[in-house]
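As provided, final.txt (compact mmCIF, C-alpha atoms) reads as follows.
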```txt
# COMPACT_ATOMS: atom_id res chain seq x y z
CA MET A 207 101.32 35.83 153.15
CA THR A 208 102.21 35.00 156.72
CA ARG A 209 105.66 35.95 157.70
CA LYS A 210 107.26 35.18 161.00
CA PRO A 211 108.57 38.15 162.96
CA ARG A 212 112.29 38.78 162.63
CA ASP A 213 114.85 40.47 164.86
CA TYR A 214 115.67 42.87 162.02
CA ASP A 215 112.08 44.03 161.48
CA ASP A 216 112.52 47.05 163.72
CA ILE A 217 115.51 48.47 161.84
CA PRO A 218 114.04 51.58 160.23
CA GLY A 219 114.17 52.23 156.47
CA THR A 220 115.64 48.80 155.81
CA TYR A 221 114.31 45.91 153.71
CA VAL A 222 116.43 42.88 154.49
CA PHE A 223 116.61 40.66 151.41
CA ASP A 224 115.35 37.49 153.01
CA TYR A 225 113.75 34.50 151.28
CA GLU A 226 110.29 36.10 151.29
CA ARG A 227 111.56 39.22 149.52
CA ALA A 228 113.67 37.14 147.15
CA HIS A 229 110.58 35.17 146.15
CA GLN A 230 108.45 38.29 145.75
CA GLY A 231 111.10 40.08 143.69
CA TYR A 232 112.51 37.14 141.74
CA HIS A 233 111.45 38.20 138.24
CA LEU A 234 112.08 41.89 138.89
CA ASN A 235 115.63 41.01 139.92
CA MET A 236 116.17 38.56 137.06
CA PHE A 237 114.95 41.25 134.63
CA SER A 238 117.51 43.62 136.20
CA MET A 239 120.22 41.03 135.82
CA SER A 240 119.40 40.57 132.13
CA LEU A 241 120.71 44.12 131.64
CA LEU A 242 124.25 42.86 132.16
CA LYS A 243 124.20 42.03 128.44
CA SER A 244 124.67 44.99 126.12
CA GLU A 245 122.13 43.68 123.59
CA ASN A 246 119.52 43.51 126.36
CA ARG A 247 120.33 47.03 127.52
CA LYS A 248 119.76 48.20 123.95
CA ALA A 249 116.45 46.35 123.67
CA PHE A 250 115.26 47.73 127.01
CA LEU A 251 116.16 51.30 126.12
CA GLU A 252 114.46 51.03 122.71
CA ASN A 253 111.14 49.88 124.16
CA GLU A 254 110.98 49.56 127.92
CA GLU A 255 107.41 48.34 128.17
CA ALA A 256 107.87 45.65 125.53
CA TYR A 257 111.09 44.48 127.14
CA LEU A 258 109.52 44.35 130.60
CA GLN A 259 106.71 42.19 129.25
CA LYS A 260 109.23 39.40 128.65
CA PHE A 261 109.49 38.89 132.41
CA PRO A 262 106.56 37.58 134.48
CA MET A 263 106.56 40.41 137.00
CA THR A 264 103.50 41.98 138.55
CA PRO A 265 102.14 45.12 136.86
CA GLU A 266 103.09 47.05 140.01
CA GLN A 267 106.68 45.90 139.72
CA ARG A 268 106.78 46.97 136.04
CA GLN A 269 105.41 50.38 136.98
CA THR A 270 108.15 50.96 139.54
CA VAL A 271 110.71 50.40 136.79
CA LEU A 272 108.93 52.67 134.29
CA LYS A 273 108.49 55.40 136.91
CA ARG A 274 112.07 55.06 138.24
CA ASP A 275 110.54 54.45 141.66
CA TRP A 276 113.70 53.03 143.23
CA LEU A 277 112.23 52.69 146.72
CA GLY A 278 109.09 51.09 145.27
CA MET A 279 111.25 48.44 143.58
CA VAL A 280 112.85 47.55 146.91
CA LYS A 281 109.46 47.41 148.64
CA LEU A 282 108.28 44.94 145.99
CA GLY A 283 111.23 42.62 146.44
CA GLY A 284 113.90 44.31 144.37
CA ASN A 285 117.44 43.89 145.63
CA ILE A 286 119.71 46.90 145.30
CA TYR A 287 122.56 44.91 143.75
CA TYR A 288 120.13 43.89 141.00
CA THR A 289 118.10 47.08 140.57
CA SER A 290 121.33 49.07 140.41
CA LYS A 291 121.83 47.42 137.00
CA ILE A 292 118.76 49.32 135.81
CA GLY A 293 120.54 52.38 137.18
CA ALA A 294 123.71 51.51 135.29
CA THR A 295 121.71 51.08 132.09
CA LEU A 296 120.21 54.54 132.60
CA GLY A 297 123.53 56.09 133.58
CA LYS A 298 122.54 56.49 137.23
CA SER A 299 124.98 55.77 140.04
CA PHE A 300 124.46 53.95 143.33
CA GLN A 301 124.63 57.32 145.02
CA TYR A 302 121.89 58.78 142.80
CA ILE A 303 119.65 55.80 143.59
CA ALA A 304 120.41 56.04 147.31
CA ALA A 305 119.46 59.73 147.32
CA GLU A 306 116.19 58.94 145.54
CA MET A 307 115.34 56.21 148.04
CA SER A 308 116.08 58.32 151.06
CA GLY A 309 114.00 61.18 149.67
CA VAL A 310 116.60 63.91 149.34
CA SER A 311 118.34 65.59 146.41
CA GLN A 312 121.53 64.06 145.14
CA GLN A 313 123.43 67.11 146.38
CA GLU A 314 121.98 66.84 149.88
CA TYR A 315 122.79 63.16 149.96
CA ALA A 316 126.35 63.72 148.69
CA ASP A 317 126.84 66.42 151.33
CA MET A 318 125.58 64.08 154.04
CA MET A 319 128.12 61.47 152.96
CA LEU A 320 130.94 64.03 152.84
CA ASN A 321 130.00 65.00 156.39
CA GLY A 322 130.47 61.44 157.62
CA GLY A 323 127.29 59.75 156.45
CA ARG A 324 123.96 59.14 158.13
CA THR A 325 124.45 58.79 161.86
CA PRO A 326 123.33 55.59 163.55
CA GLU A 327 122.01 57.74 166.42
CA GLY A 328 118.22 57.55 166.29
CA ASN A 329 118.38 55.26 163.25
CA ARG A 330 118.91 51.92 164.93
CA SER A 331 115.45 50.91 165.91
CA LEU A 332 111.82 51.82 165.26
CA SER A 333 110.94 51.11 168.86
CA GLY A 334 113.77 53.36 170.00
CA LYS A 335 114.80 50.79 172.56
CA LYS A 336 118.18 50.01 171.00
CA MET B 140 155.53 24.04 151.82
CA ALA B 141 153.05 26.80 151.18
CA LYS B 142 152.62 29.43 153.87
CA ILE B 143 150.10 32.15 154.69
CA LEU B 144 152.09 35.26 155.48
CA ALA B 145 149.44 37.86 156.06
CA GLY B 146 145.89 39.02 155.63
CA VAL B 147 144.42 42.13 154.09
CA GLY B 148 141.01 43.57 154.81
CA THR B 149 139.65 46.00 152.26
CA SER B 150 136.43 47.53 151.00
CA HIS B 151 135.47 46.89 147.39
CA VAL B 152 133.35 49.93 146.44
CA PRO B 153 132.58 49.84 142.69
CA ALA B 154 132.86 53.62 142.29
CA ILE B 155 136.51 53.39 143.34
CA GLY B 156 137.20 51.11 140.38
CA ALA B 157 135.27 53.43 138.09
CA ALA B 158 137.26 56.44 139.35
CA LEU B 159 140.54 54.68 138.66
CA ASP B 160 139.41 53.41 135.25
CA THR B 161 138.26 56.85 134.10
CA GLY B 162 141.35 58.74 135.23
CA LYS B 163 139.71 60.42 138.24
CA ALA B 164 141.98 58.95 140.91
CA GLY B 165 143.76 62.29 141.34
CA GLU B 166 140.57 64.27 141.91
CA PRO B 167 140.05 65.71 145.41
CA TYR B 168 137.18 63.32 146.18
CA TRP B 169 139.13 60.16 145.33
CA LYS B 170 142.75 61.13 146.00
CA PRO B 171 142.59 60.57 149.80
CA ILE B 172 141.47 56.99 149.18
CA PHE B 173 144.22 56.11 146.72
CA ASP B 174 146.77 57.93 148.91
CA GLY B 175 145.46 56.07 151.94
CA TYR B 176 146.20 52.73 150.27
CA GLN B 177 149.71 53.74 149.25
CA ARG B 178 151.41 52.10 152.22
CA SER B 179 149.41 48.91 151.71
CA ARG B 180 150.45 48.81 148.05
CA GLU B 181 154.09 49.27 149.00
CA TRP B 182 153.79 46.57 151.64
CA LEU B 183 152.23 44.11 149.19
CA ALA B 184 154.87 44.84 146.55
CA LYS B 185 157.54 43.93 149.12
CA VAL B 186 155.77 40.81 150.34
CA LYS B 187 155.45 39.55 146.74
CA PRO B 188 152.88 36.82 147.28
CA ASP B 189 152.69 34.02 144.71
CA VAL B 190 149.00 33.54 145.36
CA VAL B 191 146.21 35.60 146.90
CA ILE B 192 143.14 33.78 148.18
CA LEU B 193 140.56 36.50 147.62
CA VAL B 194 137.38 36.30 149.69
CA TYR B 195 134.69 38.46 148.14
CA ASN B 196 131.08 38.45 147.13
CA ASP B 197 129.48 38.43 143.74
CA HIS B 198 126.81 41.13 143.28
CA GLY B 199 124.31 39.43 140.99
CA THR B 200 126.90 39.10 138.26
CA ALA B 201 128.24 35.55 137.92
CA PHE B 202 125.57 34.19 140.26
CA ALA B 203 121.93 35.19 140.10
CA LEU B 204 119.05 34.29 142.39
CA ASP B 205 118.29 30.97 140.69
CA VAL B 206 121.12 29.25 142.56
CA VAL B 207 122.72 30.88 145.60
CA PRO B 208 125.92 29.16 146.77
CA THR B 209 126.90 30.15 150.30
CA PHE B 210 130.59 29.47 149.64
CA ALA B 211 131.90 29.00 146.09
CA LEU B 212 135.56 28.33 145.33
CA GLY B 213 137.02 29.06 141.92
CA ILE B 214 139.30 26.36 140.47
CA ALA B 215 139.63 27.80 136.96
CA ALA B 216 142.79 28.80 135.07
CA GLU B 217 141.46 32.33 134.60
CA TYR B 218 138.54 34.65 135.29
CA GLN B 219 137.38 37.45 133.01
CA PRO B 220 136.40 40.86 134.41
CA ALA B 221 132.60 41.05 134.28
CA ASP B 222 130.28 43.45 132.48
CA GLU B 223 128.21 44.88 135.36
CA GLY B 224 126.01 47.07 133.21
CA TRP B 225 128.52 49.59 131.88
CA GLY B 226 130.99 47.25 130.14
CA PRO B 227 133.81 45.20 131.71
CA ARG B 228 136.44 47.06 133.72
CA PRO B 229 139.63 47.59 131.69
CA VAL B 230 141.74 45.50 134.05
CA PRO B 231 143.90 42.43 133.43
CA VAL B 232 142.41 38.96 133.27
CA VAL B 233 142.63 37.30 136.68
CA LYS B 234 144.80 34.17 136.58
CA GLY B 235 144.05 31.28 138.89
CA HIS B 236 146.42 28.78 140.50
CA LEU B 237 145.15 25.41 139.37
CA GLU B 238 147.11 23.14 141.68
CA LEU B 239 146.55 25.10 144.87
CA SER B 240 142.87 25.73 144.12
CA ARG B 241 142.25 22.04 143.47
CA HIS B 242 144.11 21.14 146.64
CA LEU B 243 142.07 23.70 148.60
CA ALA B 244 138.77 22.38 147.23
CA GLU B 245 139.63 18.79 148.06
CA SER B 246 141.10 19.57 151.44
CA LEU B 247 138.20 21.82 152.50
CA ILE B 248 135.55 19.34 151.42
CA PHE B 249 137.26 16.49 153.28
CA ASP B 250 137.44 18.92 156.18
CA GLU B 251 133.62 19.06 155.97
CA PHE B 252 133.21 22.49 154.34
CA ASP B 253 130.78 21.59 151.58
CA LEU B 254 131.76 24.17 149.00
CA ALA B 255 130.30 24.88 145.60
CA ILE B 256 133.01 24.55 142.96
CA VAL B 257 133.29 26.96 140.06
CA ASN B 258 135.03 26.15 136.79
CA GLU B 259 133.95 29.25 134.92
CA MET B 260 132.85 32.65 136.13
CA ALA B 261 133.29 36.32 135.44
CA VAL B 262 134.54 38.35 138.41
CA ASP B 263 132.90 41.63 139.34
CA HIS B 264 134.03 44.70 141.30
CA GLY B 265 133.96 42.67 144.51
CA LEU B 266 137.13 40.95 143.34
CA THR B 267 138.74 43.42 140.94
CA VAL B 268 138.46 46.62 143.02
CA PRO B 269 140.53 45.15 145.88
CA LEU B 270 143.17 44.15 143.30
CA SER B 271 143.19 47.68 141.91
CA LEU B 272 143.44 49.26 145.35
CA MET B 273 146.27 46.95 146.41
CA CYS B 274 148.19 46.80 143.10
CA GLY B 275 147.32 49.95 141.13
CA GLN B 276 147.11 49.57 137.36
CA PRO B 277 149.68 46.94 136.28
CA ALA B 278 149.61 45.32 132.83
CA GLU B 279 149.24 41.95 134.57
CA TRP B 280 148.23 41.20 138.17
CA PRO B 281 151.45 40.35 140.00
CA PHE B 282 150.17 37.11 141.54
CA LYS B 283 147.73 34.27 140.98
CA VAL B 284 144.29 34.64 142.53
CA ILE B 285 141.98 31.99 143.97
CA PRO B 286 138.49 33.47 144.29
CA LEU B 287 136.30 32.44 147.21
CA ALA B 288 132.83 33.89 146.70
CA VAL B 289 130.58 34.18 149.75
CA ASN B 290 126.87 34.85 149.62
CA VAL B 291 126.13 38.05 151.52
CA VAL B 292 123.32 39.27 149.24
CA GLN B 293 120.60 36.75 150.02
CA TYR B 294 119.88 36.78 153.76
CA PRO B 295 121.17 34.97 155.71
CA PRO B 296 124.87 34.94 154.89
CA PRO B 297 127.03 32.41 156.74
CA THR B 298 127.72 33.26 160.38
CA GLY B 299 130.90 34.95 161.48
CA LYS B 300 131.76 31.81 163.42
CA ARG B 301 131.47 29.65 160.31
CA CYS B 302 133.50 32.13 158.29
CA PHE B 303 136.28 32.09 160.89
CA ALA B 304 136.26 28.28 160.96
CA LEU B 305 136.53 28.19 157.17
CA GLY B 306 139.54 30.47 157.44
CA ARG B 307 141.11 28.03 159.89
CA ALA B 308 140.53 25.17 157.44
CA ILE B 309 142.04 27.23 154.62
CA ARG B 310 145.16 27.77 156.72
CA LYS B 311 145.48 24.04 157.37
CA ALA B 312 145.00 23.25 153.68
CA VAL B 313 147.58 25.80 152.55
CA GLU B 314 150.13 24.56 155.10
CA ASN B 315 149.69 21.02 153.77
CA PHE B 316 150.35 21.99 150.16
CA ASP B 317 153.69 20.70 148.94
CA GLN B 318 154.83 23.63 146.81
CA ASP B 319 156.76 26.54 148.27
CA LEU B 320 154.26 29.32 147.84
CA ARG B 321 153.82 32.64 149.57
CA VAL B 322 150.12 33.17 150.18
CA VAL B 323 148.18 36.23 151.33
CA VAL B 324 144.45 36.15 152.11
CA PHE B 325 142.21 39.11 151.30
CA GLY B 326 138.90 39.58 153.11
CA THR B 327 136.86 42.19 151.29
CA GLY B 328 133.63 44.19 151.49
CA GLY B 329 132.27 46.66 154.00
CA MET B 330 132.78 48.58 156.02
CA SER B 331 129.62 50.48 157.10
CA HIS B 332 127.23 50.94 154.25
CA GLN B 333 123.57 50.78 153.48
CA LEU B 334 122.73 51.12 149.82
CA HIS B 335 118.97 50.74 149.94
CA GLY B 336 115.87 52.10 151.65
CA GLU B 337 115.22 55.34 153.48
CA ARG B 338 118.18 54.65 155.77
CA ALA B 339 120.69 54.58 152.86
CA GLY B 340 124.00 56.21 153.69
CA LEU B 341 124.33 54.96 157.25
CA ILE B 342 127.92 55.08 158.50
CA ASN B 343 129.15 53.97 161.92
CA ARG B 344 132.74 55.07 162.30
CA GLU B 345 133.00 53.98 165.92
CA TRP B 346 131.70 50.45 165.28
CA ASP B 347 133.93 50.01 162.24
CA ASN B 348 137.03 51.00 164.15
CA GLN B 349 136.14 48.66 167.00
CA PHE B 350 135.86 45.92 164.38
CA LEU B 351 139.32 46.80 163.06
CA ASP B 352 140.68 46.75 166.64
CA GLY B 353 139.04 43.40 167.27
CA LEU B 354 140.74 41.75 164.30
CA THR B 355 144.02 41.77 166.18
CA GLN B 356 142.92 42.21 169.81
CA ASP B 357 139.90 39.96 170.20
CA PRO B 358 138.76 38.12 167.07
CA GLN B 359 136.64 35.78 169.19
CA ARG B 360 134.46 38.74 170.11
CA LEU B 361 133.91 39.51 166.42
CA VAL B 362 133.08 35.91 165.64
CA LYS B 363 130.06 36.12 167.96
CA ILE B 364 128.51 39.25 166.43
CA PRO B 365 124.99 38.35 165.28
CA HIS B 366 123.80 39.33 161.81
CA VAL B 367 121.23 41.75 163.20
CA GLU B 368 124.00 43.75 164.88
CA TYR B 369 125.94 44.19 161.63
CA MET B 370 122.75 45.33 159.88
CA ARG B 371 121.53 47.61 162.65
CA GLU B 372 124.88 49.20 163.47
CA THR B 373 126.66 49.34 160.12
CA GLY B 374 123.86 49.30 157.54
CA ALA B 375 122.20 46.31 155.94
CA GLU B 376 125.03 45.91 153.45
CA GLY B 377 127.66 46.22 156.20
CA ILE B 378 127.06 42.53 156.82
CA GLU B 379 129.70 41.97 154.12
CA MET B 380 132.20 42.28 156.95
CA VAL B 381 131.65 38.62 157.90
CA MET B 382 133.97 37.93 154.97
CA TRP B 383 136.84 39.61 156.80
CA LEU B 384 136.55 36.87 159.42
CA ILE B 385 137.53 34.22 156.85
CA MET B 386 140.72 36.19 156.31
CA ARG B 387 141.26 36.48 160.07
CA GLY B 388 140.60 32.79 160.61
CA ALA B 389 143.30 31.96 158.07
CA LEU B 390 145.91 33.79 160.16
CA ASN B 391 147.67 32.68 163.34
CA ASP B 392 146.41 33.51 166.82
CA ASN B 393 149.40 35.81 167.21
CA VAL B 394 149.35 38.57 164.66
CA LYS B 395 150.36 42.17 164.37
CA GLU B 396 148.63 45.05 162.67
CA VAL B 397 150.99 46.57 160.12
CA TYR B 398 148.79 49.34 158.79
CA ARG B 399 145.25 50.66 158.91
CA PHE B 400 143.35 53.20 156.84
CA TYR B 401 139.78 54.39 157.28
CA HIS B 402 137.99 57.00 155.21
CA VAL B 403 134.46 58.28 154.74
CA PRO B 404 133.05 58.47 152.14
CA GLY B 405 133.75 56.27 149.17
CA SER B 406 130.45 56.95 147.44
CA ASN B 407 127.97 55.42 149.97
CA THR B 408 130.52 53.50 151.96
CA ALA B 409 133.08 53.70 154.74
CA VAL B 410 136.32 52.58 153.13
CA GLY B 411 138.46 50.46 155.43
CA ASN B 412 141.80 48.77 154.90
CA ILE B 413 143.95 46.78 157.30
CA VAL B 414 147.13 44.76 156.85
CA ILE B 415 147.77 42.02 159.41
CA GLU B 416 150.90 39.87 159.48
CA ASN B 417 151.40 36.55 161.19
CA LYS B 418 153.90 36.80 164.01
```
As structure tokens, please, write out the structure in this file.
Amino acid sequence: MTRKPRDYDDIPGTYVFDYERAHQGYHLNMFSMSLLKSENRKAFLENEEAYLQKFPMTPEQRQTVLKRDWLGMVKLGGNIYYTSKIGATLGKSFQYIAAEMSGVSQQEYADMMLNGGRTPEGNRSLSGKK
Amino acid sequence: MAKILAGVGTSHVPAIGAALDTGKAGEPYWKPIFDGYQRSREWLAKVKPDVVILVYNDHGTAFALDVVPTFALGIAAEYQPADEGWGPRPVPVVKGHLELSRHLAESLIFDEFDLAIVNEMAVDHGLTVPLSLMCGQPAEWPFKVIPLAVNVVQYPPPTGKRCFALGRAIRKAVENFDQDLRVVVFGTGGMSHQLHGERAGLINREWDNQFLDGLTQDPQRLVKIPHVEYMRETGAEGIEMVMWLIMRGALNDNVKEVYRFYHVPGSNTAVGNIVIENK
């Protein structure tokens, strides 16, 4: 897939949900959205693999859900406002998911937020020019 | 005639709603936030608006990715609180204002803002958390609400300039409405937050406060901020702040800041609140 360079490509640790990512993650996100209905949450929790088969995702996308690989979901086109519904179904908060994605324990992440959050210093640009 | 009296900017963090709904508002983590909004709540109770035009974004709740409206105006009689994965929030049904919402839709479209029109939708935390923060836990919301949903999930959202211009058109439409109504506009979302990726948790206190300053001192500077700056400086999800510019556009050039509150953290987010009155 050819993708034209974007001004936001050099923001580190960030996966802007543009049209390319929306296309790539469409079924993963629509699966996530299906969990807004309580009967679907029940069906998913009873048999995750069978439920996931109802949506035409890639096998890799299904694996990220089964493995609770929150960052992997985002890298394969998942949008956090959608994948967080998987979190809600599993009783996991936005903050839990954010800690998982940034590779620290939930306590470390919570402490970072209590101390004012992640600083923008050194986190603005991969090239370090901004 | 109807009149816009003031604007309110506020974050809409879902965990704040959950804290209130589960009786945790008095806990040390959440208390500073609810205390910080106390003056805004008192102010709003005195202003007693008839209608709030509430600018917010849906988070994959009423709208999915199959159709993505950039601006969607609700013209329904009521809106049910949505089930976002853990059951609907136990908050009152949101009542619309049929006549003013129809007038707004018609006026804005003839003013060349080609809105999507919504006759039925559930409203998620983006709309109900600001109501909770500004009104507490009443049995009924004390005013009618006209929801204006803005896409900020699918990149690109509308520009700040377009948002401000829409606010201007809203002001004109309200002022041409022939009922005596007191109207307040809420712009919601933000402030700094990034919810995804390795950079999750980014907070930029300095940038946020400059944005709050700019709302009264130099809104034309804010209108020119490019999307990449919001994302780089305030986190990818900080781009929600373009919605505050609809609120600002709906106010007069001459305004005064009545109150401001800023607190980190509300879960992953910098919680900001500002009350701005027309002079």
_Distance query region 284-298 of chain A at most 6 Å, all atoms listed in the file, self and fewer than 2 positions along chain excluded, as a PyMOL selection string_ = (chain A and resi 231+235+238-239+279-280+282) or (chain B and resi 198+224)
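Among the candidate residues A:Gln267, A:Gln313, A:Ser240, A:Thr208, the one lying nearest to chain B is A:Ser240, with distances computed using all atoms listed in the file.
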*asked:* List the spatial neighbours of Ala184 (chain B) as a list in words - criterion: any atom at most 10 Å away, only C-alpha atoms, same-chain residues fewer than 6 positions off excluded.
replied: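 Using only C-alpha atoms, the neighbours found are Arg178, Met273, Cys274 and Pro281 of chain B.
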Take the residues that were just selected and, keeping C-alpha atoms, output them as a tab-separated table (two decimals), in the coordinates of the input.
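Listed below is the output, result27.tsv:
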```tsv
chain	number	residue	atom	x	y	z
B	178	ARG	CA	151.41	52.10	152.22
B	273	MET	CA	146.27	46.95	146.41
B	274	CYS	CA	148.19	46.80	143.10
B	281	PRO	CA	151.45	40.35	140.00
```
Taking all atoms of region 285-292 of chain A that the file lists, what box with edges along x, y and z, padded by 6 Å per side, do you get, with centre and edge lengths in Å to one decimal, as lines of an AutoDock Vina configuration file?
```
center_x = 120.0
center_y = 46.6
center_z = 140.7
size_x = 17.1
size_y = 17.4
size_z = 21.8
```
*Have a look at CA of Ala221 (chain B) and CA of Thr200 (chain B) and let me know their distance in Å, one decimal.*
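Separation between CA of Ala221 (chain B) and CA of Thr200 (chain B): 7.2 Å.
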*asked:* If the cut-off is 9 Å, can you tell me the residues of chain A near chain B, counting all atoms listed in the file? I'd like them as a PyMOL selection string.
replied: chain A and resi 213-214+217-225+228+232+235-236+239+241-244+247+276-277+280-281+285-288+290-295+297+299-301+303-309+315-316+318-326+329-331
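Going from CA of Val310 (chain A) over to CA of Leu272 (chain A), you cover 20.3 Å.
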*Atom-to-atom span, CA of Val284 (chain B) and CA of Asp263 (chain B), Å*: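 Going from CA of Val284 (chain B) over to CA of Asp263 (chain B), I get 13.7 Å.
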*B:Glu279, B:Glu345, B:Asp189, B:Glu379: which is nearest Leu144 (chain B), counting all atoms listed in the file?*
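Between B:Glu279, B:Glu345, B:Asp189, B:Glu379, the residue approaching Leu144 (chain B) most closely is B:Asp189.
Around the coordinate (146.5, 57.2, 145.1), residues that reach within 10 Å when counting all atoms listed in the file are B:Leu159, B:Ala164, B:Gly165, B:Glu166, B:Trp169, B:Lys170, B:Pro171, B:Ile172, B:Phe173, B:Asp174, B:Gly175, B:Tyr176, B:Gln177, B:Arg180, B:Leu272, B:Gly275.
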Output C-alpha atoms for every residue in that selection, as a PDB file, in the frame of the given file.
```pdb
ATOM      1  CA  LEU B 159     140.540  54.680 138.660  1.00  0.00           C
ATOM      2  CA  ALA B 164     141.980  58.950 140.910  1.00  0.00           C
ATOM      3  CA  GLY B 165     143.760  62.290 141.340  1.00  0.00           C
ATOM      4  CA  GLU B 166     140.570  64.270 141.910  1.00  0.00           C
ATOM      5  CA  TRP B 169     139.130  60.160 145.330  1.00  0.00           C
ATOM      6  CA  LYS B 170     142.750  61.130 146.000  1.00  0.00           C
ATOM      7  CA  PRO B 171     142.590  60.570 149.800  1.00  0.00           C
ATOM      8  CA  ILE B 172     141.470  56.990 149.180  1.00  0.00           C
ATOM      9  CA  PHE B 173     144.220  56.110 146.720  1.00  0.00           C
ATOM     10  CA  ASP B 174     146.770  57.930 148.910  1.00  0.00           C
ATOM     11  CA  GLY B 175     145.460  56.070 151.940  1.00  0.00           C
ATOM     12  CA  TYR B 176     146.200  52.730 150.270  1.00  0.00           C
ATOM     13  CA  GLN B 177     149.710  53.740 149.250  1.00  0.00           C
ATOM     14  CA  ARG B 180     150.450  48.810 148.050  1.00  0.00           C
ATOM     15  CA  LEU B 272     143.440  49.260 145.350  1.00  0.00           C
ATOM     16  CA  GLY B 275     147.320  49.950 141.130  1.00  0.00           C
TER      17      GLY B 275
END
```
